[in-house]
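Student: This is run-v9.cif (mmCIF, C-alpha atoms).
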```cif
data_target
#
loop_
_atom_site.label_atom_id
_atom_site.label_comp_id
_atom_site.auth_asym_id
_atom_site.auth_seq_id
_atom_site.Cartn_x
_atom_site.Cartn_y
_atom_site.Cartn_z
CA MET A 24 -21.86 -29.13 -19.41
CA GLU A 25 -24.23 -28.78 -16.45
CA GLN A 26 -22.16 -31.16 -14.30
CA ALA A 27 -18.92 -29.36 -15.20
CA GLY A 28 -20.57 -26.05 -14.36
CA LEU A 29 -21.64 -27.40 -10.99
CA ILE A 30 -18.08 -28.54 -10.23
CA VAL A 31 -16.38 -25.23 -11.06
CA ALA A 32 -19.13 -23.25 -9.30
CA SER A 33 -18.63 -25.44 -6.22
CA VAL A 34 -14.88 -24.82 -6.26
CA SER A 35 -15.48 -21.08 -6.44
CA LEU A 36 -17.98 -21.25 -3.58
CA LEU A 37 -15.52 -23.19 -1.43
CA PHE A 38 -12.85 -20.60 -2.20
CA TRP A 39 -15.01 -17.80 -0.85
CA VAL A 40 -16.02 -19.78 2.21
CA GLY A 41 -12.30 -20.23 2.85
CA VAL A 42 -11.66 -16.51 2.30
CA LEU A 43 -14.28 -15.59 4.89
CA ILE A 44 -13.11 -18.13 7.46
CA LEU A 45 -9.42 -18.84 6.93
CA ARG A 46 -7.72 -15.54 5.95
CA GLY A 47 -7.65 -13.87 9.33
CA GLY A 48 -10.85 -11.91 8.80
CA PHE A 49 -8.93 -9.47 6.55
CA TRP A 50 -12.14 -8.59 4.74
CA ARG A 51 -13.56 -6.86 7.82
CA ALA A 52 -11.18 -3.93 7.16
CA ASP A 53 -11.18 -3.23 10.88
CA GLN A 54 -7.52 -2.53 11.61
CA ARG A 55 -7.68 1.18 12.44
CA LEU A 56 -5.90 3.62 14.74
CA THR A 57 -7.99 4.96 17.60
CA ASP A 58 -8.66 8.70 17.71
CA SER A 59 -8.04 8.89 21.45
CA THR A 60 -4.36 9.10 22.43
CA PRO A 61 -2.67 8.93 25.84
CA ASP A 62 -0.85 11.91 27.29
CA LEU A 63 2.73 10.82 26.80
CA ASN A 64 5.39 12.63 28.79
CA PRO A 65 7.59 13.40 27.02
CA TRP A 66 6.44 12.99 23.44
CA PRO A 67 9.40 11.61 21.43
CA GLY A 68 10.88 13.50 18.50
CA VAL A 69 9.99 12.63 14.90
CA VAL A 70 11.94 13.27 11.70
CA CYS A 71 9.77 13.14 8.58
CA VAL A 72 11.53 12.10 5.35
CA ILE A 73 9.79 12.72 2.02
CA PRO A 74 11.43 11.38 -1.17
CA ALA A 75 10.16 13.49 -4.06
CA ARG A 76 10.75 13.25 -7.81
CA ASN A 77 8.65 15.59 -9.96
CA GLU A 78 5.96 16.06 -7.32
CA ALA A 79 5.30 19.80 -7.67
CA PRO A 80 1.48 19.41 -7.81
CA THR A 81 1.28 17.73 -4.38
CA ILE A 82 4.48 18.29 -2.38
CA GLY A 83 3.34 21.64 -0.96
CA GLY A 84 0.27 20.10 0.67
CA THR A 85 2.31 17.24 2.11
CA VAL A 86 4.91 19.54 3.65
CA LYS A 87 2.28 21.92 5.03
CA SER A 88 0.28 19.08 6.60
CA LEU A 89 3.35 17.81 8.47
CA LEU A 90 4.59 21.20 9.65
CA GLU A 91 1.11 22.01 11.00
CA GLN A 92 0.81 18.86 13.11
CA ASP A 93 -0.80 19.16 16.54
CA TYR A 94 2.08 17.20 18.04
CA PRO A 95 3.61 18.08 21.44
CA GLY A 96 7.08 16.74 20.62
CA PRO A 97 9.75 18.06 18.24
CA VAL A 98 9.08 17.54 14.53
CA SER A 99 11.38 18.20 11.61
CA VAL A 100 10.69 17.63 7.91
CA ILE A 101 13.21 16.68 5.22
CA VAL A 102 12.36 16.70 1.52
CA VAL A 103 14.80 14.92 -0.79
CA ASP A 104 14.46 16.46 -4.23
CA ASP A 105 15.35 13.47 -6.38
CA ASN A 106 16.60 15.22 -9.53
CA SER A 107 13.22 16.80 -10.27
CA ASP A 108 12.77 19.09 -13.26
CA ASP A 109 9.35 20.53 -12.39
CA GLY A 110 10.22 22.86 -9.52
CA THR A 111 9.48 20.39 -6.71
CA ALA A 112 12.08 21.92 -4.37
CA GLN A 113 10.79 25.45 -4.92
CA VAL A 114 7.20 24.42 -4.19
CA ALA A 115 8.28 22.60 -1.03
CA ASN A 116 10.22 25.63 0.21
CA ALA A 117 7.29 27.92 -0.53
CA ALA A 118 5.03 25.80 1.69
CA ALA A 119 7.23 26.26 4.78
CA THR A 120 8.44 29.14 6.90
CA LYS A 121 10.52 26.99 9.27
CA GLY A 122 11.19 23.37 10.20
CA LEU A 123 11.89 22.21 6.63
CA SER A 124 15.16 21.05 5.10
CA VAL A 125 15.39 20.38 1.37
CA VAL A 126 18.16 18.03 0.28
CA THR A 127 19.29 18.09 -3.34
CA GLY A 128 19.46 14.47 -4.41
CA LYS A 129 22.59 12.99 -5.89
CA PRO A 130 22.49 11.06 -9.20
CA LEU A 131 21.10 7.55 -8.80
CA ALA A 132 23.76 5.17 -7.47
CA ASP A 133 24.29 1.75 -9.03
CA GLY A 134 22.27 -1.04 -7.44
CA TRP A 135 19.64 1.24 -5.89
CA SER A 136 16.02 1.86 -6.79
CA GLY A 137 15.30 5.56 -7.13
CA LYS A 138 12.97 5.90 -4.17
CA LEU A 139 15.23 4.04 -1.74
CA TRP A 140 18.26 6.05 -2.87
CA ALA A 141 16.33 9.22 -2.06
CA VAL A 142 15.18 7.75 1.28
CA LYS A 143 18.78 6.88 2.18
CA GLN A 144 19.89 10.44 1.52
CA GLY A 145 17.04 11.68 3.67
CA LEU A 146 17.97 9.34 6.50
CA ASP A 147 21.60 10.44 6.28
CA ALA A 148 20.49 14.06 6.52
CA ALA A 149 18.27 13.17 9.49
CA GLU A 150 21.34 11.97 11.39
CA GLU A 151 22.76 15.47 11.08
CA ILE A 152 19.54 17.41 11.64
CA ASP A 153 18.13 15.46 14.61
CA ALA A 154 20.05 12.32 15.53
CA ASP A 155 18.18 12.08 18.85
CA ALA A 156 14.66 11.80 17.42
CA ALA A 157 13.16 8.45 18.43
CA TYR A 158 11.16 7.97 15.23
CA VAL A 159 11.41 8.45 11.49
CA LEU A 160 8.27 8.95 9.41
CA LEU A 161 8.69 7.86 5.80
CA THR A 162 5.86 9.34 3.76
CA ASP A 163 5.22 9.96 0.08
CA ALA A 164 5.10 13.37 -1.56
CA ASP A 165 1.40 13.10 -2.41
CA ILE A 166 0.16 12.31 1.13
CA THR A 167 -1.68 14.84 3.28
CA HIS A 168 -1.82 14.15 7.01
CA ASP A 169 -4.61 15.39 9.22
CA SER A 170 -3.45 17.50 12.17
CA GLU A 171 -3.35 14.60 14.66
CA SER A 172 -1.73 12.00 12.41
CA LEU A 173 1.63 11.98 14.22
CA ARG A 174 -0.11 11.82 17.62
CA ARG A 175 -1.96 8.66 16.63
CA LEU A 176 1.03 7.00 14.98
CA VAL A 177 3.47 7.68 17.83
CA ALA A 178 0.93 6.79 20.52
CA LYS A 179 0.31 3.42 18.85
CA ALA A 180 4.04 2.71 18.63
CA GLU A 181 4.76 3.80 22.21
CA VAL A 182 1.82 2.10 23.92
CA ASP A 183 2.16 -1.22 22.07
CA GLY A 184 5.97 -1.24 21.85
CA LEU A 185 5.97 -1.40 18.04
CA ASN A 186 8.96 -1.00 15.74
CA LEU A 187 6.82 0.00 12.77
CA VAL A 188 3.35 1.55 12.43
CA SER A 189 2.13 1.85 8.85
CA LEU A 190 -1.10 3.08 7.30
CA MET A 191 -2.66 2.15 4.01
CA VAL A 192 -3.79 5.72 3.41
CA ARG A 193 -7.07 6.56 1.73
CA LEU A 194 -6.38 6.68 -2.00
CA ARG A 195 -8.19 9.11 -4.23
CA CYS A 196 -11.50 7.64 -5.41
CA GLU A 197 -13.32 10.16 -7.58
CA SER A 198 -13.05 9.25 -11.26
CA LEU A 199 -14.92 6.30 -12.75
CA TRP A 200 -11.75 4.21 -13.03
CA GLU A 201 -10.78 5.04 -9.46
CA LYS A 202 -14.20 3.97 -8.18
CA LEU A 203 -14.00 0.71 -10.11
CA LEU A 204 -10.41 -0.19 -9.23
CA ILE A 205 -9.15 1.58 -6.09
CA PRO A 206 -11.40 -0.13 -3.48
CA ALA A 207 -10.70 -3.42 -5.26
CA PHE A 208 -6.96 -2.73 -5.08
CA ILE A 209 -7.23 -2.15 -1.31
CA PHE A 210 -9.29 -5.34 -0.96
CA PHE A 211 -6.78 -7.44 -2.92
CA PHE A 212 -3.86 -6.01 -0.92
CA GLN A 213 -5.62 -6.98 2.32
CA LYS A 214 -6.28 -10.46 0.97
CA LEU A 215 -2.65 -10.90 -0.04
CA TYR A 216 -1.39 -9.57 3.31
CA PRO A 217 -4.12 -10.08 5.91
CA PHE A 218 -3.58 -7.16 8.28
CA PRO A 219 -4.47 -9.16 11.43
CA TRP A 220 -1.72 -11.65 10.53
CA VAL A 221 0.78 -8.85 9.85
CA ASN A 222 -0.08 -7.41 13.26
CA ASP A 223 0.34 -10.75 15.05
CA PRO A 224 3.89 -10.99 16.48
CA ALA A 225 3.63 -14.78 16.41
CA ARG A 226 3.22 -14.86 12.62
CA PRO A 227 6.12 -14.23 10.23
CA LEU A 228 3.99 -12.40 7.64
CA ALA A 229 5.12 -8.79 7.26
CA ALA A 230 3.85 -5.93 5.13
CA ALA A 231 3.60 -2.17 5.13
CA ALA A 232 2.23 0.62 2.95
CA GLY A 233 4.95 2.95 1.75
CA GLY A 234 2.83 6.10 1.84
CA CYS A 235 2.96 6.26 5.63
CA MET A 236 5.48 4.36 7.75
CA LEU A 237 6.51 5.45 11.25
CA ILE A 238 9.67 3.54 12.18
CA ARG A 239 11.42 3.34 15.51
CA ARG A 240 14.88 4.81 14.92
CA GLY A 241 16.66 2.12 16.93
CA ALA A 242 15.05 -0.67 14.88
CA LEU A 243 15.99 1.04 11.63
CA ARG A 244 19.59 1.38 12.73
CA HIS A 245 19.59 -2.22 13.95
CA ILE A 246 18.79 -3.54 10.45
CA GLY A 247 21.40 -1.28 8.86
CA GLY A 248 18.98 1.25 7.43
CA VAL A 249 17.62 0.73 3.95
CA ASP A 250 20.89 -0.51 2.47
CA SER A 251 19.89 -4.17 2.75
CA ILE A 252 16.86 -3.63 0.48
CA ARG A 253 18.47 -1.08 -1.82
CA ASP A 254 17.29 -2.68 -5.08
CA ARG A 255 13.71 -3.47 -4.09
CA LEU A 256 10.78 -1.86 -5.87
CA ILE A 257 8.32 -3.31 -3.37
CA ASP A 258 10.35 -1.53 -0.73
CA ASP A 259 7.64 -1.07 1.89
CA CYS A 260 6.94 -4.78 2.37
CA ALA A 261 10.65 -5.60 2.14
CA LEU A 262 11.44 -3.08 4.88
CA ALA A 263 8.60 -4.41 7.03
CA GLY A 264 10.00 -7.93 6.65
CA GLN A 265 13.41 -6.83 7.89
CA ILE A 266 12.00 -4.89 10.84
CA LYS A 267 9.56 -7.60 11.98
CA LYS A 268 12.50 -9.97 12.51
CA TYR A 269 13.44 -7.83 15.50
CA GLY A 270 10.08 -6.81 16.92
CA PRO A 271 6.34 -6.37 16.33
CA ILE A 272 4.86 -4.18 13.60
CA TRP A 273 1.36 -2.91 12.83
CA LEU A 274 -0.45 -2.15 9.57
CA GLY A 275 -3.86 -0.55 9.34
CA LEU A 276 -6.27 1.48 7.25
CA SER A 277 -6.99 5.20 7.39
CA ASN A 278 -9.65 7.58 6.19
CA LYS A 279 -7.89 10.67 7.56
CA VAL A 280 -4.45 10.35 6.00
CA ARG A 281 -5.00 10.69 2.27
CA SER A 282 -3.22 10.42 -1.05
CA GLU A 283 -3.83 13.31 -3.42
CA ARG A 284 -2.47 11.46 -6.44
CA ALA A 285 -5.13 11.33 -9.14
CA TYR A 286 -5.69 8.31 -11.37
CA GLY A 287 -8.05 9.74 -13.92
CA ALA A 288 -7.31 7.20 -16.65
CA LEU A 289 -7.08 3.42 -16.68
CA SER A 290 -3.51 3.68 -18.00
CA GLU A 291 -2.37 5.47 -14.83
CA ILE A 292 -3.66 2.73 -12.54
CA TRP A 293 -2.27 0.15 -14.96
CA GLU A 294 1.22 1.68 -14.63
CA MET A 295 0.98 1.74 -10.83
CA VAL A 296 0.16 -1.98 -10.67
CA ALA A 297 2.18 -3.34 -13.59
CA ARG A 298 5.49 -1.91 -12.41
CA THR A 299 5.63 -4.27 -9.39
CA ALA A 300 2.92 -6.94 -9.77
CA PHE A 301 5.17 -9.67 -11.20
CA GLY A 302 7.84 -8.87 -8.65
CA GLN A 303 5.20 -9.44 -5.97
CA LEU A 304 5.00 -13.00 -7.35
CA GLY A 305 8.75 -13.46 -7.09
CA ASN A 306 9.04 -13.14 -10.91
CA SER A 307 7.89 -16.77 -11.08
CA ILE A 308 6.07 -18.15 -14.12
CA LEU A 309 4.48 -20.85 -11.96
CA ALA A 310 3.22 -18.24 -9.50
CA LEU A 311 1.83 -16.23 -12.43
CA ILE A 312 -0.03 -19.25 -13.82
CA GLY A 313 -1.38 -20.06 -10.37
CA THR A 314 -2.49 -16.46 -9.87
CA VAL A 315 -4.32 -16.32 -13.19
CA LEU A 316 -6.10 -19.62 -12.44
CA ALA A 317 -6.98 -18.58 -8.90
CA MET A 318 -8.30 -15.18 -9.99
CA SER A 319 -10.38 -16.82 -12.72
CA ILE A 320 -11.92 -19.38 -10.38
CA ALA A 321 -12.53 -16.86 -7.62
CA TYR A 322 -13.85 -13.88 -9.57
CA LEU A 323 -14.83 -14.87 -13.10
CA VAL A 324 -16.53 -18.23 -12.53
CA PRO A 325 -19.34 -16.92 -10.23
CA PRO A 326 -20.87 -14.41 -12.72
CA ILE A 327 -20.34 -16.80 -15.63
CA ALA A 328 -22.02 -19.62 -13.71
CA ALA A 329 -24.81 -17.31 -12.58
CA SER A 330 -25.52 -16.37 -16.21
CA GLY A 331 -26.24 -20.01 -17.04
CA VAL A 332 -23.46 -20.25 -19.65
CA LEU A 333 -22.03 -23.27 -17.82
CA GLY A 334 -25.45 -24.86 -17.55
CA GLY A 335 -28.42 -24.01 -15.39
CA GLY A 336 -29.65 -25.67 -12.24
CA ALA A 337 -27.49 -26.00 -9.15
CA GLY A 338 -24.35 -24.62 -10.82
CA ALA A 339 -26.10 -21.37 -11.71
CA ALA A 340 -27.59 -21.15 -8.21
CA LEU A 341 -24.14 -21.54 -6.64
CA GLY A 342 -22.82 -18.85 -8.99
CA VAL A 343 -25.52 -16.45 -7.83
CA LEU A 344 -24.88 -17.30 -4.17
CA THR A 345 -21.14 -16.75 -4.54
CA TRP A 346 -21.31 -13.59 -6.67
CA TRP A 347 -24.21 -11.81 -4.96
CA GLY A 348 -23.59 -13.31 -1.54
CA LEU A 349 -20.17 -14.31 -0.25
CA MET A 350 -18.17 -12.10 -2.61
CA GLY A 351 -20.31 -9.13 -1.69
CA ILE A 352 -20.09 -9.80 2.05
CA ALA A 353 -16.31 -9.90 1.79
CA PHE A 354 -16.06 -6.70 -0.26
CA TRP A 355 -18.68 -4.58 1.52
CA PRO A 356 -16.50 -3.34 4.42
CA THR A 357 -13.90 -1.96 1.99
CA LEU A 358 -16.62 -0.31 -0.08
CA ILE A 359 -18.04 1.24 3.10
CA LEU A 360 -14.56 2.52 3.99
CA TYR A 361 -14.56 4.38 0.67
CA GLY A 362 -18.16 5.56 0.94
CA MET A 363 -19.21 3.45 -2.01
CA PRO A 364 -22.63 1.77 -2.48
CA LYS A 365 -22.62 -1.95 -1.78
CA ALA A 366 -23.94 -2.59 -5.28
CA TRP A 367 -20.44 -1.88 -6.60
CA SER A 368 -19.48 -5.33 -5.30
CA LEU A 369 -21.17 -6.75 -8.40
CA LEU A 370 -18.38 -5.17 -10.46
CA LEU A 371 -15.58 -6.80 -8.47
CA PRO A 372 -15.16 -9.50 -11.18
CA VAL A 373 -14.54 -6.74 -13.74
CA ALA A 374 -11.88 -5.19 -11.52
CA ALA A 375 -10.34 -8.61 -10.89
CA PHE A 376 -10.16 -9.28 -14.63
CA LEU A 377 -8.36 -5.98 -15.23
CA PHE A 378 -5.92 -6.52 -12.37
CA THR A 379 -5.15 -9.99 -13.75
CA LEU A 380 -4.33 -8.44 -17.12
CA MET A 381 -2.11 -5.89 -15.38
CA THR A 382 -0.22 -8.71 -13.68
CA VAL A 383 0.29 -10.53 -16.97
CA SER A 384 1.44 -7.21 -18.48
CA SER A 385 3.92 -6.83 -15.62
CA ALA A 386 5.36 -10.27 -16.41
CA ILE A 387 5.70 -9.46 -20.11
CA ARG A 388 7.58 -6.27 -19.26
CA TYR A 389 9.92 -8.20 -17.01
CA TRP A 390 10.66 -10.81 -19.68
CA ARG A 391 11.36 -8.05 -22.19
CA GLY A 392 13.92 -6.58 -19.80
CA ARG A 393 11.89 -3.47 -19.01
CA GLY A 394 10.98 -4.37 -15.44
CA GLY A 395 9.18 -1.69 -13.44
CA ALA A 396 8.91 1.83 -14.80
CA TRP A 397 8.39 4.85 -12.57
CA LYS A 398 9.15 8.55 -12.96
CA GLY A 399 11.16 7.94 -16.12
CA ARG A 400 13.29 5.12 -14.70
CA HIS A 401 13.17 1.42 -15.53
CA TYR A 402 14.17 -1.39 -13.19
CA LYS A 403 14.31 -5.14 -12.98
CA THR A 404 11.89 -5.89 -10.13
CA ALA A 405 13.38 -7.69 -7.13
#
```
Represent the structure contained in this file as structure tokens.

Tutor:
Amino acid sequence: MEQAGLIVASVSLLFWVGVLILRGGFWRADQRLTDSTPDLNPWPGVVCVIPARNEAPTIGGTVKSLLEQDYPGPVSVIVVDDNSDDGTAQVANAAATKGLSVVTGKPLADGWSGKLWAVKQGLDAAEEIDADAAYVLLTDADITHDSESLRRLVAKAEVDGLNLVSLMVRLRCESLWEKLLIPAFIFFFQKLYPFPWVNDPARPLAAAAGGCMLIRRGALRHIGGVDSIRDRLIDDCALAGQIKKYGPIWLGLSNKVRSERAYGALSEIWEMVARTAFGQLGNSILALIGTVLAMSIAYLVPPIAASGVLGGGAGAALGVLTWWGLMGIAFWPTLILYGMPKAWSLLLPVAAFLFTLMTVSSAIRYWRGRGGAWKGRHYKTA
């Protein structure tokens, strides 16, 4: 038992050494937009498109934050009311005195995911409202932008010649479940898509965060809009993959652009993850098995080894070193980003265990023909 414990503890230790050295330094969480922006002349126009389905509690704040931008160029905002029944359109209109267009969404077309169908209608409306705007901002209906958000996004795109600038916005982190799982979710997303690799034009890896994506209009037209990814539930990364084929993109973290969506219960976070997790694995049973094994070795073995269950001695010492040392070092920058005490890193194995269960749950839903569920709609993930 002690020798077996030493072997599995050693494998886990080597995994974390590899994470720290060989994954592009993702764990540093250092891909951020600078606060200082150049004085562009002129500042290009931006059309903001917000797909919204039953978002009355948050849509007003999103619209208001965009219409009150300290941005020198022209800005217009389009809300696509995607067949809401909670007064989303009325709340959006009440938040604006000018500069807002509300589009009444058409019934969901065959072969489209709901969000992308709404985005397409918003982009079509943008061609009529401001066809000359150089950029489109795709943002969710629960995101609030600080007053200089557009300045930073556009400046980054203009100075670095980027086709896409995306932010993983700061998610709400107030309830117990949010504190346990949201920083871990951000950490796992960075590990899956190391931001420095996404931002390296020489690497094919592409990713984006759908809550905030500034896209160069010419690049979007070049790929044929969102039609080519019409059935994707993981639409942000799919769109980033299409755009990066034709030019560089950038993905970073933000503390100033925030999501107001609350996840007060475990079930709410479970739904968010389970609707797309298996699709993220290509709906592959082999990828699922590999993920479960990898998550177990990486996150569950260290605390189990440290407890002495697998035998004492060197195996337990390696478990302590991995759990309290390397795992913590990797997770600390994300915890700091969220203003969380470093001691929360000790609970990362608990979060990992729950996310693994969510992924298995996602696979079971897919096999039962339920696919991803969101806002009352069910899809087969693609």

Student: Find the residue from A:Arg175, A:Ile205, A:Val280, A:Arg239 that sits nearest to Met191 in chain A; use all atoms listed in the file when measuring.

Tutor: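 The shortest atom-to-atom distance to Met191 in chain A comes from A:Val280.
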
Student: Please expand the PyMOL selection byres ((chain A and resi 250-267) around 9) into the concrete residues it hits in this file, giving the result as a VMD selection string.

Tutor: chain A and resid 134 to 140 143 186 to 187 224 227 to 234 236 238 242 to 243 245 to 249 268 to 272 298 to 299 302 to 303 395 402 to 405

Student: Applying 10 Å and all atoms listed in the file, which residues near range 60-65 of chain A remain after dropping the ones on its own chain fewer than 6 positions away? List them as number ranges by chain.

Tutor: A: 95-96, 171, 174-179, 181-182

Student: I'd like the residues picked by the PyMOL selection byres ((chain A and resi 377-384) around 7) written out as a list of chain:residue names, using the chain letters and numbers from the file.

Tutor: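 Applied to this file, the PyMOL selection byres ((chain A and resi 377-384) around 7) selects A:Trp293, A:Val296, A:Ala297, A:Ala300, A:Phe301, A:Val315, A:Val373, A:Ala374, A:Ala375, A:Phe376, A:Ser385, A:Ala386, A:Ile387, A:Arg388.
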
Student: Give as a PyMOL selection string the set of residues within 6 Å of the point (10.8, 18.4, 12.3), where distances use the file's coordinates and all atoms listed in the file.

Tutor: chain A and resi 70+98-100+122

Student: Near Ser170 in chain A, within 7 Å and counting only C-alpha atoms, which residues show up once chain neighbours fewer than 3 positions away are dropped, as a list in words?

Tutor: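 Contacts, in chain order: Ser88, Glu91, Gln92 and Asp93 of chain A.
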
Student: Using CA of Arg244 in chain A and CA of Thr127 in chain A as the two end points, give the distance in Å to one decimal.

Tutor: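 Going from CA of Arg244 in chain A over to CA of Thr127 in chain A covers 23.2 Å.
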
Student: The PyMOL selection byres ((chain A and resi 363) around 12) on the file shown: which residues, as number ranges by chain?

Tutor: A: 196-197, 199, 201-207, 354-362, 364-368

Student: Hey, can you spit out that residue selection with C-alpha atoms as a CSV table (one decimal), keeping the file's coordinate frame?

Tutor:
```csv
chain,number,residue,atom,x,y,z
A,196,CYS,CA,-11.5,7.6,-5.4
A,197,GLU,CA,-13.3,10.2,-7.6
A,199,LEU,CA,-14.9,6.3,-12.8
A,201,GLU,CA,-10.8,5.0,-9.5
A,202,LYS,CA,-14.2,4.0,-8.2
A,203,LEU,CA,-14.0,0.7,-10.1
A,204,LEU,CA,-10.4,-0.2,-9.2
A,205,ILE,CA,-9.2,1.6,-6.1
A,206,PRO,CA,-11.4,-0.1,-3.5
A,207,ALA,CA,-10.7,-3.4,-5.3
A,354,PHE,CA,-16.1,-6.7,-0.3
A,355,TRP,CA,-18.7,-4.6,1.5
A,356,PRO,CA,-16.5,-3.3,4.4
A,357,THR,CA,-13.9,-2.0,2.0
A,358,LEU,CA,-16.6,-0.3,-0.1
A,359,ILE,CA,-18.0,1.2,3.1
A,360,LEU,CA,-14.6,2.5,4.0
A,361,TYR,CA,-14.6,4.4,0.7
A,362,GLY,CA,-18.2,5.6,0.9
A,364,PRO,CA,-22.6,1.8,-2.5
A,365,LYS,CA,-22.6,-2.0,-1.8
A,366,ALA,CA,-23.9,-2.6,-5.3
A,367,TRP,CA,-20.4,-1.9,-6.6
A,368,SER,CA,-19.5,-5.3,-5.3
```

Student: From the set A:Tyr158, A:Arg76, A:Ala164, A:Arg284, which residue has the shortest atom-to-atom contact distance to Ala180 in chain A, counting all atoms listed in the file?

Tutor: A:Tyr158

Student: From the list A:Glu78, A:Asp133, A:Asp153, A:Asp53, which residue is nearest Pro97 in chain A when using all atoms listed in the file?

Tutor: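 Once distances to Pro97 in chain A are computed over all atoms listed in the file, the minimum belongs to A:Asp153.
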
Student: If we count only C-alpha atoms, what is near Ala353 in chain A at a cut-off of 12 Å, once residues fewer than 4 positions away on the same chain are taken out, given as a ChimeraX atom specification?

Tutor: /A:38-44,46,48-52,207,210-211,213-214,345-349,357-359,365,368-369,371

Student: Grab the CA of Ala75 in chain A to CA of Asn106 in chain A distance for me, in Å with one decimal place.

Tutor: 8.6 Å

Student: Tell me, in Å to one decimal, how far CA of Ala118 in chain A is from CA of Val103 in chain A.

Tutor: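 A separation of 14.8 Å between them.
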
Student: Counting all atoms listed in the file, which residue out of A:Leu274, A:Ala149, A:Ile352, A:Leu333 sits closest to Ala32 in chain A?

Tutor: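 Comparing A:Leu274, A:Ala149, A:Ile352, A:Leu333 against Ala32 in chain A, the winner is A:Leu333.
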
Student: Restricting the calculation to all atoms listed in the file, which member of A:Val86, A:Cys71, A:Ala141, A:Leu341 is positioned closest to Asp105 in chain A?

Tutor: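 Selected residue with least distance to Asp105 in chain A: A:Ala141.
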
Student: Have a look at A:Ile308, A:Met318, A:Leu146, A:Leu36 and name the one nearest to Trp390 in chain A; count only C-alpha atoms.

Tutor: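 Closest residue, counting only C-alpha atoms: A:Ile308.
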
Student: Can you list, as a list in words, every protein, DNA or RNA residue that comes within 6 Å of Asn222 in chain A when you count all atoms listed in the file, leaving out same-chain residues fewer than 2 positions away?

Tutor: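 My list of contacting residues is Pro219, Trp220, Ile272 and Trp273 of chain A.
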